[in-house]
Each structure stands twice: as C-alpha cells, then as structure tokens.
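File shown: model-v8.csv (CSV, C-alpha atoms).
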```csv
chain,number,residue,atom,x,y,z
A,21,MET,CA,42.8,-21.8,-18.5
A,22,SER,CA,39.1,-21.3,-18.0
A,23,ASP,CA,36.8,-19.4,-20.4
A,24,ASN,CA,35.0,-17.9,-17.4
A,25,PRO,CA,36.9,-15.1,-15.6
A,26,THR,CA,37.1,-15.4,-11.9
A,27,ARG,CA,34.6,-13.1,-10.2
A,28,GLN,CA,35.6,-11.3,-7.0
A,29,ALA,CA,33.2,-11.6,-4.1
A,30,SER,CA,31.3,-8.5,-3.4
A,31,PRO,CA,32.0,-7.0,0.1
A,32,GLN,CA,29.3,-7.6,2.6
A,33,VAL,CA,27.5,-4.5,3.6
A,34,GLN,CA,25.5,-4.4,6.9
A,35,ILE,CA,22.3,-2.3,6.5
A,36,ASN,CA,20.5,-1.0,9.6
A,37,ALA,CA,16.9,0.4,9.5
A,38,ASN,CA,14.4,1.3,12.0
A,39,ASP,CA,11.2,-0.8,12.1
A,40,GLU,CA,9.1,1.7,10.2
A,41,VAL,CA,11.6,1.8,7.3
A,42,ALA,CA,12.1,-1.9,7.4
A,43,ARG,CA,8.4,-2.6,6.9
A,44,GLY,CA,8.4,-0.8,3.6
A,45,ARG,CA,5.7,1.1,1.8
A,46,TYR,CA,3.2,0.1,-0.9
A,47,SER,CA,3.2,2.2,-4.0
A,48,ASN,CA,1.0,1.8,-7.1
A,49,ASN,CA,2.2,4.8,-9.0
A,50,MET,CA,5.5,6.6,-9.5
A,51,LEU,CA,6.6,10.1,-10.8
A,52,VAL,CA,10.1,10.8,-12.0
A,53,THR,CA,11.5,14.3,-12.4
A,54,HIS,CA,15.1,15.4,-13.0
A,55,THR,CA,17.5,18.2,-13.4
A,56,ARG,CA,21.1,18.0,-14.5
A,57,GLU,CA,22.2,17.3,-10.9
A,58,GLU,CA,19.6,14.9,-9.6
A,59,PHE,CA,16.7,12.5,-10.3
A,60,ILE,CA,13.7,12.7,-8.0
A,61,LEU,CA,11.6,9.5,-7.7
A,62,ASP,CA,8.2,10.1,-6.0
A,63,PHE,CA,6.4,6.9,-5.0
A,64,LEU,CA,2.7,7.5,-4.8
A,65,LEU,CA,-0.4,5.7,-3.5
A,66,SER,CA,-3.3,6.4,-5.8
A,67,ALA,CA,-6.8,5.7,-4.3
A,68,PRO,CA,-10.3,6.8,-5.1
A,69,ASN,CA,-10.1,9.5,-2.5
A,70,GLY,CA,-6.8,11.0,-3.7
A,71,THR,CA,-3.1,10.4,-4.2
A,72,GLN,CA,-0.6,10.4,-1.4
A,73,LEU,CA,3.2,10.7,-1.6
A,74,VAL,CA,4.5,7.7,0.4
A,75,SER,CA,8.2,8.1,-0.3
A,76,ARG,CA,10.7,10.4,-2.2
A,77,VAL,CA,14.1,9.3,-3.2
A,78,MET,CA,16.7,11.6,-4.8
A,79,VAL,CA,19.7,10.2,-6.6
A,80,SER,CA,22.5,11.5,-8.8
A,81,PRO,CA,22.4,10.9,-12.6
A,82,GLY,CA,25.4,8.6,-12.3
A,83,HIS,CA,23.6,6.4,-9.7
A,84,MET,CA,20.4,6.4,-11.8
A,85,LYS,CA,22.3,5.2,-14.8
A,86,ARG,CA,23.7,2.3,-12.8
A,87,VAL,CA,20.2,1.4,-11.5
A,88,LEU,CA,18.8,1.3,-15.0
A,89,SER,CA,21.6,-0.9,-16.3
A,90,ALA,CA,21.4,-3.4,-13.4
```
Represent the structure contained in this file as structure tokens.
Amino acid sequence: MSDNPTRQASPQVQINANDEVARGRYSNNMLVTHTREEFILDFLLSAPNGTQLVSRVMVSPGHMKRVLSA
C-alpha cells in the first residue's frame, strides 16, 4: 500500500474565447466590493491622466472562497 493516495485526473475543459478576450487586459490596480450574494472584482488601469475600469468580474461567495484557498 502506498502512503500517497491516488489522484483522479481532472476532466479536460475546452475554453473558447474571441480574440479580444484571449489577448487579455493589463491592470495595475484592483477594487473589491461585496454583498452577501456576490463579490465584485474591478480591475483598473491607473495612469497620470486618470483611472479606467478595464474589466469587472462578479462571483459568488462560494467561488471566491475556493479562489482564495487555491
């Protein structure tokens, strides 16, 4: 018997994205707000001429907990 339990292989997930999303966005700042039902992650680009929201992601509290423990 081995001391290391056998790990099951994770199922392969195919992810499709259009070219704009696949390129990604640069962010040098982030703002997190939350309610009981959701977390809102605002990714910002702060520059001398102002700050721009480049992406907003909303997730459930359960998903946020899994992200933080990963």
Write out as a PyMOL selection string the residues lying within 8 Å of A:Met78, counting only C-alpha atoms and excluding same-chain residues fewer than 6 positions away. chain A and resi 58-61
Could those residues be written to a file, using C-alpha atoms, as a PDB file, keeping the file's coordinate frame?
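Writing done, so here's out15.pdb:
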```
ATOM      1  CA  GLU A  58      19.600  14.900  -9.600  1.00  0.00           C
ATOM      2  CA  PHE A  59      16.700  12.500 -10.300  1.00  0.00           C
ATOM      3  CA  ILE A  60      13.700  12.700  -8.000  1.00  0.00           C
ATOM      4  CA  LEU A  61      11.600   9.500  -7.700  1.00  0.00           C
TER       5      LEU A  61
END
```
For atom CA of A:Ser80 and atom CA of A:Asn49, the interatomic separation in Å (one decimal): 21.4 Å
Nearest candidate to A:Val77 (options A:Ser89, A:Ala29, A:Val52, A:Asn36; using only C-alpha atoms):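 Result for the nearest residue to A:Val77: A:Val52.
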Excluding stretch 42-47 of chain A and residues on its chain fewer than 4 positions from it, collect all residues at most 10 Å away from it, counting only C-alpha atoms, and give them as a PyMOL selection string. chain A and resi 36-38+62-66+72-75
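Rounded to one decimal, atom CA of A:Arg76 and atom CA of A:Glu57 lie 16.0 Å from each other.
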In Å to one decimal, how far is atom CA of A:Gln32 from atom CA of A:Val79?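 Taking atom CA of A:Val79 as the start and atom CA of A:Gln32 as the end point, the length is 22.2 Å.
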Would you save stretch 41-61 of chain A from the block above with N, CA and C atoms, as a PDB file, in the first residue's frame?
```pdb
ATOM      1  N   VAL A  41     -10.870  38.944 -26.042  1.00  0.00           N
ATOM      2  CA  VAL A  41     -10.803  38.381 -24.690  1.00  0.00           C
ATOM      3  C   VAL A  41      -9.517  37.581 -24.516  1.00  0.00           C
ATOM      4  N   ALA A  42      -9.130  36.823 -25.520  1.00  0.00           N
ATOM      5  CA  ALA A  42      -7.927  35.989 -25.432  1.00  0.00           C
ATOM      6  C   ALA A  42      -6.657  36.814 -25.263  1.00  0.00           C
ATOM      7  N   ARG A  43      -6.625  38.027 -25.796  1.00  0.00           N
ATOM      8  CA  ARG A  43      -5.447  38.895 -25.640  1.00  0.00           C
ATOM      9  C   ARG A  43      -5.239  39.294 -24.184  1.00  0.00           C
ATOM     10  N   GLY A  44      -6.309  39.409 -23.426  1.00  0.00           N
ATOM     11  CA  GLY A  44      -6.198  39.818 -22.032  1.00  0.00           C
ATOM     12  C   GLY A  44      -6.122  41.327 -21.891  1.00  0.00           C
ATOM     13  N   ARG A  45      -6.145  41.782 -20.656  1.00  0.00           N
ATOM     14  CA  ARG A  45      -6.063  43.211 -20.351  1.00  0.00           C
ATOM     15  C   ARG A  45      -5.052  43.405 -19.238  1.00  0.00           C
ATOM     16  N   TYR A  46      -4.317  44.513 -19.275  1.00  0.00           N
ATOM     17  CA  TYR A  46      -3.369  44.849 -18.221  1.00  0.00           C
ATOM     18  C   TYR A  46      -4.097  45.658 -17.155  1.00  0.00           C
ATOM     19  N   SER A  47      -3.834  45.328 -15.898  1.00  0.00           N
ATOM     20  CA  SER A  47      -4.411  46.051 -14.770  1.00  0.00           C
ATOM     21  C   SER A  47      -3.318  46.270 -13.737  1.00  0.00           C
ATOM     22  N   ASN A  48      -3.226  47.495 -13.206  1.00  0.00           N
ATOM     23  CA  ASN A  48      -2.244  47.765 -12.159  1.00  0.00           C
ATOM     24  C   ASN A  48      -2.911  48.151 -10.842  1.00  0.00           C
ATOM     25  N   ASN A  49      -4.227  47.949 -10.779  1.00  0.00           N
ATOM     26  CA  ASN A  49      -4.965  48.254  -9.563  1.00  0.00           C
ATOM     27  C   ASN A  49      -6.232  47.412  -9.551  1.00  0.00           C
ATOM     28  N   MET A  50      -6.757  47.155  -8.358  1.00  0.00           N
ATOM     29  CA  MET A  50      -7.957  46.330  -8.248  1.00  0.00           C
ATOM     30  C   MET A  50      -8.792  46.814  -7.080  1.00  0.00           C
ATOM     31  N   LEU A  51     -10.094  46.801  -7.258  1.00  0.00           N
ATOM     32  CA  LEU A  51     -11.034  47.202  -6.219  1.00  0.00           C
ATOM     33  C   LEU A  51     -12.002  46.049  -6.004  1.00  0.00           C
ATOM     34  N   VAL A  52     -12.179  45.626  -4.754  1.00  0.00           N
ATOM     35  CA  VAL A  52     -13.084  44.524  -4.442  1.00  0.00           C
ATOM     36  C   VAL A  52     -14.204  45.047  -3.556  1.00  0.00           C
ATOM     37  N   THR A  53     -15.439  44.817  -3.977  1.00  0.00           N
ATOM     38  CA  THR A  53     -16.607  45.123  -3.148  1.00  0.00           C
ATOM     39  C   THR A  53     -17.434  43.853  -3.047  1.00  0.00           C
ATOM     40  N   HIS A  54     -18.297  43.787  -2.026  1.00  0.00           N
ATOM     41  CA  HIS A  54     -19.094  42.567  -1.888  1.00  0.00           C
ATOM     42  C   HIS A  54     -20.400  42.830  -1.161  1.00  0.00           C
ATOM     43  N   THR A  55     -21.324  41.922  -1.408  1.00  0.00           N
ATOM     44  CA  THR A  55     -22.575  41.836  -0.665  1.00  0.00           C
ATOM     45  C   THR A  55     -22.662  40.402  -0.161  1.00  0.00           C
ATOM     46  N   ARG A  56     -23.753  40.048   0.466  1.00  0.00           N
ATOM     47  CA  ARG A  56     -23.919  38.659   0.910  1.00  0.00           C
ATOM     48  C   ARG A  56     -24.017  37.707  -0.270  1.00  0.00           C
ATOM     49  N   GLU A  57     -24.470  38.201  -1.417  1.00  0.00           N
ATOM     50  CA  GLU A  57     -24.723  37.351  -2.570  1.00  0.00           C
ATOM     51  C   GLU A  57     -23.602  37.312  -3.597  1.00  0.00           C
ATOM     52  N   GLU A  58     -22.697  38.318  -3.611  1.00  0.00           N
ATOM     53  CA  GLU A  58     -21.683  38.343  -4.658  1.00  0.00           C
ATOM     54  C   GLU A  58     -20.462  39.164  -4.274  1.00  0.00           C
ATOM     55  N   PHE A  59     -19.348  38.832  -4.922  1.00  0.00           N
ATOM     56  CA  PHE A  59     -18.130  39.636  -4.870  1.00  0.00           C
ATOM     57  C   PHE A  59     -17.973  40.283  -6.235  1.00  0.00           C
ATOM     58  N   ILE A  60     -17.591  41.557  -6.247  1.00  0.00           N
ATOM     59  CA  ILE A  60     -17.359  42.283  -7.488  1.00  0.00           C
ATOM     60  C   ILE A  60     -15.890  42.673  -7.521  1.00  0.00           C
ATOM     61  N   LEU A  61     -15.178  42.182  -8.536  1.00  0.00           N
ATOM     62  CA  LEU A  61     -13.757  42.457  -8.695  1.00  0.00           C
ATOM     63  C   LEU A  61     -13.603  43.419  -9.866  1.00  0.00           C
TER      64      LEU A  61
END
```
